[in-house]
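Here is the file data35.csv (CSV, C-alpha atoms).
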chain,number,residue,atom,x,y,z
W,1,MET,CA,15.7,58.3,59.8
W,2,SER,CA,15.3,57.9,56.0
W,3,LEU,CA,17.9,59.2,53.6
W,4,ARG,CA,15.5,61.9,52.3
W,5,ARG,CA,14.8,63.3,55.9
W,6,ARG,CA,18.5,63.2,56.8
W,7,SER,CA,19.3,65.3,53.6
W,8,ARG,CA,16.7,67.9,54.5
W,9,ALA,CA,18.0,68.2,58.0
W,10,ILE,CA,21.6,68.8,56.7
W,11,LEU,CA,20.4,71.4,54.2
W,12,PHE,CA,18.4,73.3,56.9
W,13,THR,CA,21.4,73.3,59.3
W,14,ALA,CA,23.7,74.6,56.6
W,15,ALA,CA,21.2,77.3,55.5
W,16,THR,CA,20.8,78.5,59.1
W,17,ALA,CA,24.6,78.8,59.6
W,18,THR,CA,25.0,80.7,56.3
W,19,LEU,CA,22.2,83.1,57.3
W,20,ALA,CA,23.8,83.8,60.7
W,21,ALA,CA,27.2,84.5,59.1
W,22,THR,CA,25.9,86.9,56.5
W,23,THR,CA,23.5,89.0,58.7
W,24,GLY,CA,25.7,89.6,61.7
W,25,CYS,CA,25.3,88.8,65.5
W,26,ALA,CA,22.2,87.4,67.1
W,27,ASP,CA,20.7,88.4,70.4
W,28,VAL,CA,17.5,87.6,72.2
W,29,GLU,CA,15.5,89.7,69.8
W,30,GLY,CA,16.8,87.9,66.7
W,31,LEU,CA,19.5,88.4,64.2
W,32,GLN,CA,21.0,91.9,64.0
W,33,SER,CA,23.1,93.5,61.2
W,34,ASP,CA,26.3,95.5,62.0
W,35,GLY,CA,25.6,97.5,58.9
W,36,ASP,CA,28.1,99.1,56.6
W,37,LEU,CA,31.1,100.2,58.7
W,38,GLY,CA,32.4,102.4,55.8
W,39,THR,CA,35.9,102.9,54.5
W,40,ALA,CA,38.6,104.9,56.3
W,41,ARG,CA,39.9,107.7,54.2
W,42,ALA,CA,42.8,110.0,54.7
W,43,PRO,CA,42.0,113.7,54.9
W,44,ARG,CA,42.6,115.8,51.8
W,45,THR,CA,44.4,119.1,52.0
W,46,LEU,CA,42.6,121.8,50.0
W,47,TRP,CA,44.3,124.6,48.2
W,48,LYS,CA,47.7,123.6,49.6
W,49,ASP,CA,49.5,126.0,47.3
W,50,ILE,CA,47.6,129.1,48.4
W,51,ARG,CA,48.8,130.9,51.6
W,52,PRO,CA,47.5,134.2,53.1
W,53,ASP,CA,49.7,137.2,53.1
W,54,PRO,CA,51.5,138.1,56.3
W,55,PRO,CA,49.8,140.8,58.4
W,56,ALA,CA,50.7,144.4,57.6
W,57,PRO,CA,52.7,146.5,60.2
W,58,GLY,CA,50.6,147.3,63.1
W,59,GLN,CA,48.2,144.5,62.5
W,60,GLN,CA,50.2,141.7,64.1
W,61,PRO,CA,48.1,139.7,66.5
W,62,GLY,CA,49.2,139.3,70.1
W,63,THR,CA,50.0,142.8,71.0
W,64,ALA,CA,48.3,145.5,73.1
W,65,THR,CA,47.3,148.6,71.2
W,66,VAL,CA,47.5,152.0,72.8
W,67,VAL,CA,44.4,154.1,72.0
W,68,PRO,CA,45.6,157.4,70.5
W,69,GLY,CA,44.2,160.8,71.4
W,70,LEU,CA,43.3,160.1,75.0
W,71,ALA,CA,44.6,161.8,78.1
W,72,LYS,CA,46.6,159.8,80.5
W,73,VAL,CA,44.6,158.3,83.4
W,74,PRO,CA,45.5,159.7,86.8
W,75,GLY,CA,45.9,157.2,89.5
W,76,LEU,CA,45.9,154.4,86.9
W,77,SER,CA,42.2,153.7,87.6
W,78,MET,CA,39.5,153.2,85.0
W,79,ARG,CA,36.9,154.6,87.4
W,80,GLY,CA,35.8,157.9,86.0
W,81,VAL,CA,37.0,157.2,82.5
W,82,ASN,CA,34.3,157.9,79.9
W,83,ALA,CA,33.7,154.6,78.0
W,84,VAL,CA,32.2,156.4,75.0
W,85,ASP,CA,35.2,158.6,74.6
W,86,VAL,CA,37.5,155.6,74.7
W,87,VAL,CA,35.5,153.6,72.1
W,88,ARG,CA,35.2,156.7,69.9
W,89,ALA,CA,38.9,157.2,69.9
W,90,ASP,CA,39.6,153.5,69.3
W,91,ILE,CA,37.1,153.1,66.5
W,92,THR,CA,38.3,156.2,64.8
W,93,ALA,CA,41.9,155.1,64.9
W,94,ALA,CA,41.1,151.5,63.8
W,95,ASN,CA,39.0,152.8,60.9
W,96,THR,CA,41.8,155.0,59.7
W,97,ALA,CA,44.4,152.2,60.0
W,98,ASP,CA,42.5,149.8,57.9
W,99,ALA,CA,41.0,152.4,55.5
W,100,GLY,CA,37.5,151.0,56.0
W,101,THR,CA,38.4,147.5,54.8
W,102,GLY,CA,36.9,145.9,57.9
W,103,ARG,CA,40.0,144.1,59.0
W,104,LEU,CA,40.2,145.9,62.3
W,105,VAL,CA,36.7,147.2,62.8
W,106,ASP,CA,33.3,147.0,61.1
W,107,PRO,CA,33.1,149.8,58.4
W,108,ARG,CA,29.7,150.8,59.8
W,109,ALA,CA,31.2,151.6,63.2
W,110,ILE,CA,32.0,155.2,62.4
W,111,GLN,CA,28.4,155.9,61.5
W,112,ARG,CA,27.2,154.1,64.6
W,113,ILE,CA,29.5,155.9,67.1
W,114,ALA,CA,28.4,159.2,65.5
W,115,LEU,CA,25.0,158.7,67.2
W,116,CYS,CA,26.6,159.2,70.6
W,117,THR,CA,26.4,162.7,72.1
W,118,GLN,CA,28.7,164.4,74.6
W,119,ALA,CA,26.5,163.2,77.4
W,120,VAL,CA,28.2,161.0,80.0
W,121,ASP,CA,26.3,157.9,78.8
W,122,GLY,CA,26.4,159.0,75.2
W,123,GLY,CA,22.7,159.8,75.0
W,124,PRO,CA,19.6,157.7,74.3
W,125,ASP,CA,20.7,156.6,70.8
W,126,CYS,CA,24.3,155.8,71.6
W,127,PRO,CA,25.1,152.1,70.6
W,128,VAL,CA,28.0,151.8,73.2
W,129,ARG,CA,27.0,149.4,75.9
W,130,PRO,CA,27.2,150.4,79.6
W,131,ALA,CA,30.8,150.0,80.8
W,132,VAL,CA,31.6,147.1,83.1
W,133,LEU,CA,34.6,147.4,85.4
W,134,ALA,CA,36.4,144.1,86.3
W,135,ASP,CA,39.9,143.0,87.1
W,136,VAL,CA,40.7,140.6,84.2
W,137,THR,CA,44.5,141.0,84.5
W,138,GLY,CA,44.9,140.0,88.1
W,139,ASN,CA,46.9,143.1,89.1
W,140,GLY,CA,44.3,144.4,91.4
W,141,THR,CA,43.1,147.2,89.2
W,142,GLU,CA,39.9,147.2,87.1
W,143,GLU,CA,39.7,147.0,83.3
W,144,LEU,CA,37.0,148.6,81.2
W,145,ILE,CA,34.7,146.1,79.2
W,146,THR,CA,32.2,147.4,76.7
W,147,ALA,CA,30.9,146.8,73.2
W,148,LEU,CA,29.7,148.9,70.3
W,149,ASP,CA,26.5,147.4,68.8
W,150,ILE,CA,26.7,147.7,65.0
W,151,ASP,CA,23.2,146.5,64.2
W,152,GLY,CA,20.6,144.3,65.9
W,153,ARG,CA,23.0,141.3,65.8
W,154,VAL,CA,26.7,142.2,65.3
W,155,SER,CA,28.8,143.9,67.9
W,156,GLU,CA,32.4,145.0,68.5
W,157,LEU,CA,33.6,143.8,71.9
W,158,ARG,CA,36.4,145.8,73.5
W,159,VAL,CA,38.4,145.5,76.7
W,160,TYR,CA,40.8,148.3,77.8
W,161,THR,CA,43.4,148.6,80.5
W,162,VAL,CA,45.5,151.4,82.0
W,163,GLN,CA,49.2,150.8,81.5
W,164,ASP,CA,51.9,151.8,83.9
W,165,ASP,CA,52.5,155.2,82.2
W,166,GLY,CA,48.8,156.1,82.4
W,167,THR,CA,47.9,155.4,78.7
W,168,ILE,CA,44.8,153.4,77.8
W,169,ALA,CA,45.5,150.2,75.8
W,170,ARG,CA,43.1,147.8,74.1
W,171,ILE,CA,43.8,144.3,75.2
W,172,LEU,CA,40.9,142.5,73.5
W,173,SER,CA,39.0,143.2,70.4
W,174,ARG,CA,36.6,141.0,68.6
W,175,ARG,CA,33.6,141.2,66.3
W,176,GLY,CA,30.7,138.8,66.8
W,177,VAL,CA,27.2,138.0,67.8
W,178,LEU,CA,27.3,138.4,71.5
W,179,GLU,CA,24.6,136.1,72.9
W,180,GLY,CA,26.4,136.2,76.2
W,181,VAL,CA,29.5,137.6,77.9
W,182,GLU,CA,30.7,136.4,81.3
W,183,VAL,CA,33.6,137.6,83.3
W,184,ALA,CA,35.3,135.8,86.2
W,185,ALA,CA,38.8,136.4,87.6
W,186,GLU,CA,41.2,136.6,84.6
W,187,HIS,CA,38.7,135.0,82.3
W,188,LEU,CA,36.2,136.4,79.8
W,189,ALA,CA,33.8,134.0,78.1
W,190,VAL,CA,32.0,134.9,74.9
W,191,ARG,CA,29.0,132.9,73.8
W,192,GLU,CA,28.0,132.9,70.2
W,193,PRO,CA,25.6,131.0,67.9
W,194,THR,CA,26.8,128.4,65.4
W,195,SER,CA,25.4,127.0,62.2
W,196,ASN,CA,23.9,124.2,64.3
W,197,PRO,CA,20.9,125.7,66.2
W,198,LYS,CA,21.4,123.1,68.9
W,199,LYS,CA,24.9,124.3,69.7
W,200,VAL,CA,26.5,127.5,71.0
W,201,SER,CA,30.3,128.2,70.9
W,202,ILE,CA,32.1,129.5,73.9
W,203,SER,CA,35.4,131.4,73.5
W,204,ASP,CA,37.3,131.7,76.7
W,205,TYR,CA,39.9,134.5,76.8
W,206,VAL,CA,42.5,134.6,79.6
W,207,TRP,CA,45.0,137.3,80.5
W,208,ASP,CA,48.5,136.6,79.1
W,209,PRO,CA,51.0,138.6,81.2
W,210,GLU,CA,53.8,138.0,78.7
W,211,ALA,CA,51.9,139.2,75.7
W,212,GLY,CA,50.1,141.9,77.6
W,213,ILE,CA,46.7,141.0,76.1
W,214,MET,CA,43.8,138.6,76.6
W,215,ASN,CA,44.5,135.5,74.5
W,216,LEU,CA,42.1,132.8,73.4
W,217,SER,CA,42.7,129.9,75.7
W,218,GLN,CA,39.8,127.5,74.9
W,219,LEU,CA,37.1,127.2,72.3
W,220,THR,CA,34.2,124.8,73.2
W,221,LEU,CA,30.7,123.9,72.1
W,222,ASP,CA,27.8,123.7,74.4
W,223,GLU,CA,24.2,122.5,74.1
W,224,CYS,CA,21.7,125.2,73.4
W,225,PRO,CA,18.7,124.5,75.7
W,226,ASN,CA,16.3,126.2,73.3
W,227,GLN,CA,16.9,123.4,70.8
W,228,GLY,CA,16.5,125.5,67.6
W,229,ASP,CA,14.4,128.3,69.1
W,230,THR,CA,15.2,131.7,67.6
W,231,SER,CA,15.8,133.3,71.0
W,232,PRO,CA,19.3,133.4,72.3
W,233,CYS,CA,20.8,130.6,74.4
W,234,PRO,CA,20.6,131.6,78.0
W,235,LEU,CA,23.8,131.8,80.1
W,236,PRO,CA,24.3,129.1,82.7
W,237,GLY,CA,22.3,129.9,85.8
W,238,THR,CA,20.8,133.2,84.4
W,239,GLY,CA,18.1,132.2,82.0
W,240,THR,CA,19.0,135.2,79.7
W,241,GLY,CA,21.2,135.7,76.8
W,242,THR,CA,22.3,139.3,77.5
W,243,GLY,CA,25.4,138.4,79.6
W,244,THR,CA,27.7,140.9,81.3
W,245,GLY,CA,28.8,143.0,78.3

Now that the file is in, can you turn its structure into structure tokens?
Amino acid sequence: MSLRRRSRAILFTAATATLAATTGCADVEGLQSDGDLGTARAPRTLWKDIRPDPPAPGQQPGTATVVPGLAKVPGLSMRGVNAVDVVRADITAANTADAGTGRLVDPRAIQRIALCTQAVDGGPDCPVRPAVLADVTGNGTEELITALDIDGRVSELRVYTVQDDGTIARILSRRGVLEGVEVAAEHLAVREPTSNPKKVSISDYVWDPEAGIMNLSQLTLDECPNQGDTSPCPLPGTGTGTGTG
């Protein structure tokens, strides 16, 4: 081989090695780039000097709340208890306690509950959902599960139990967009939309015998089978988004 051909061969080999080193790994389809792996950065704490005020008396989380103004329940059974009366008493007391600020109940709830008549079911315009009786405390007696629909989207979910002295106490209260509610044993699962149309959040509440309430035990995300459709994500195995509540 001449000196000129040997020099060209050396230059070609060197150039090929340099190209492979700079572009990444090679496979059967050719050279592949690993891309920019980015730079690891430590999280930044925002507003570290600002803290919320502690809850006011009577607003501490983690406690059951006796609903005032209701007669004691004979036989400690929720069967026969008027759900509209319970929700009306609860909403009225909560609205008075938070002075309409919305901390405990949506300020519009008073106007909404006023649509209910003295009929057993509250009448045709009553926004209180039909009561569901289910044992979520595991003590063999049924609790009352219902919700007050504030508008076409937001609702106030409520769960009530009868205490040993016959008083009715609220053991779960939450405001949200109830795309689905499921109950099983001592679990209550609430499905709600997220900012991602492909995801739905599931809040799983479980009876806490020490606290005497239903506590949030797990918060997960699930795939929404509608993939961005405006209709609600159906519950597993039901094909609807109305749920139990």

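Using all atoms listed in the file, the smallest distance between any of W:Ser217, W:Thr137, W:Thr117, W:Ser155 and Ala184 in chain W comes from W:Thr137.
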
* **Expected residue set, 10 Å radius at (45.1, 145.8, 81.2), only C-alpha atoms, as a ChimeraX atom specification** => /W:64,135-139,141-144,159-164,168-172,207,209,212-214

Kindly save the residues from that selection, with C-alpha atoms included, as an mmCIF file, in the frame of the given file.
data_model
loop_
_atom_site.group_PDB
_atom_site.id
_atom_site.type_symbol
_atom_site.label_atom_id
_atom_site.label_comp_id
_atom_site.auth_asym_id
_atom_site.auth_seq_id
_atom_site.Cartn_x
_atom_site.Cartn_y
_atom_site.Cartn_z
ATOM 1 C CA ALA W 64 48.300 145.500 73.100
ATOM 2 C CA ASP W 135 39.900 143.000 87.100
ATOM 3 C CA VAL W 136 40.700 140.600 84.200
ATOM 4 C CA THR W 137 44.500 141.000 84.500
ATOM 5 C CA GLY W 138 44.900 140.000 88.100
ATOM 6 C CA ASN W 139 46.900 143.100 89.100
ATOM 7 C CA THR W 141 43.100 147.200 89.200
ATOM 8 C CA GLU W 142 39.900 147.200 87.100
ATOM 9 C CA GLU W 143 39.700 147.000 83.300
ATOM 10 C CA LEU W 144 37.000 148.600 81.200
ATOM 11 C CA VAL W 159 38.400 145.500 76.700
ATOM 12 C CA TYR W 160 40.800 148.300 77.800
ATOM 13 C CA THR W 161 43.400 148.600 80.500
ATOM 14 C CA VAL W 162 45.500 151.400 82.000
ATOM 15 C CA GLN W 163 49.200 150.800 81.500
ATOM 16 C CA ASP W 164 51.900 151.800 83.900
ATOM 17 C CA ILE W 168 44.800 153.400 77.800
ATOM 18 C CA ALA W 169 45.500 150.200 75.800
ATOM 19 C CA ARG W 170 43.100 147.800 74.100
ATOM 20 C CA ILE W 171 43.800 144.300 75.200
ATOM 21 C CA LEU W 172 40.900 142.500 73.500
ATOM 22 C CA TRP W 207 45.000 137.300 80.500
ATOM 23 C CA PRO W 209 51.000 138.600 81.200
ATOM 24 C CA GLY W 212 50.100 141.900 77.600
ATOM 25 C CA ILE W 213 46.700 141.000 76.100
ATOM 26 C CA MET W 214 43.800 138.600 76.600
#

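Distance check against Gly176 in chain W using only C-alpha atoms: of W:Thr194, W:Thr63, W:Val154, W:Ala189, the minimum falls on W:Val154.
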
Name the residues within 8 Å of (32.7, 155.2, 81.7), counting all atoms listed in the file in the file's coordinates, and put them as a short mmCIF file (atom, residue, chain, number, x, y, z; two decimals) with C-alpha atoms, keeping the file's coordinate frame.
data_model
loop_
_atom_site.label_atom_id
_atom_site.label_comp_id
_atom_site.auth_asym_id
_atom_site.auth_seq_id
_atom_site.Cartn_x
_atom_site.Cartn_y
_atom_site.Cartn_z
CA MET W 78 39.50 153.20 85.00
CA ARG W 79 36.90 154.60 87.40
CA GLY W 80 35.80 157.90 86.00
CA VAL W 81 37.00 157.20 82.50
CA ASN W 82 34.30 157.90 79.90
CA ALA W 83 33.70 154.60 78.00
CA VAL W 84 32.20 156.40 75.00
CA VAL W 120 28.20 161.00 80.00
CA ASP W 121 26.30 157.90 78.80
CA PRO W 130 27.20 150.40 79.60
CA ALA W 131 30.80 150.00 80.80
CA LEU W 144 37.00 148.60 81.20
#

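Remark: for Leu216 in chain W, the closest of the candidate residues W:Val105, W:Pro193, W:Arg174, W:Lys198 is W:Arg174 (distances computed over all atoms listed in the file).
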
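Between CA of Asn215 in chain W and CA of Pro68 in chain W the separation is 22.3 Å.
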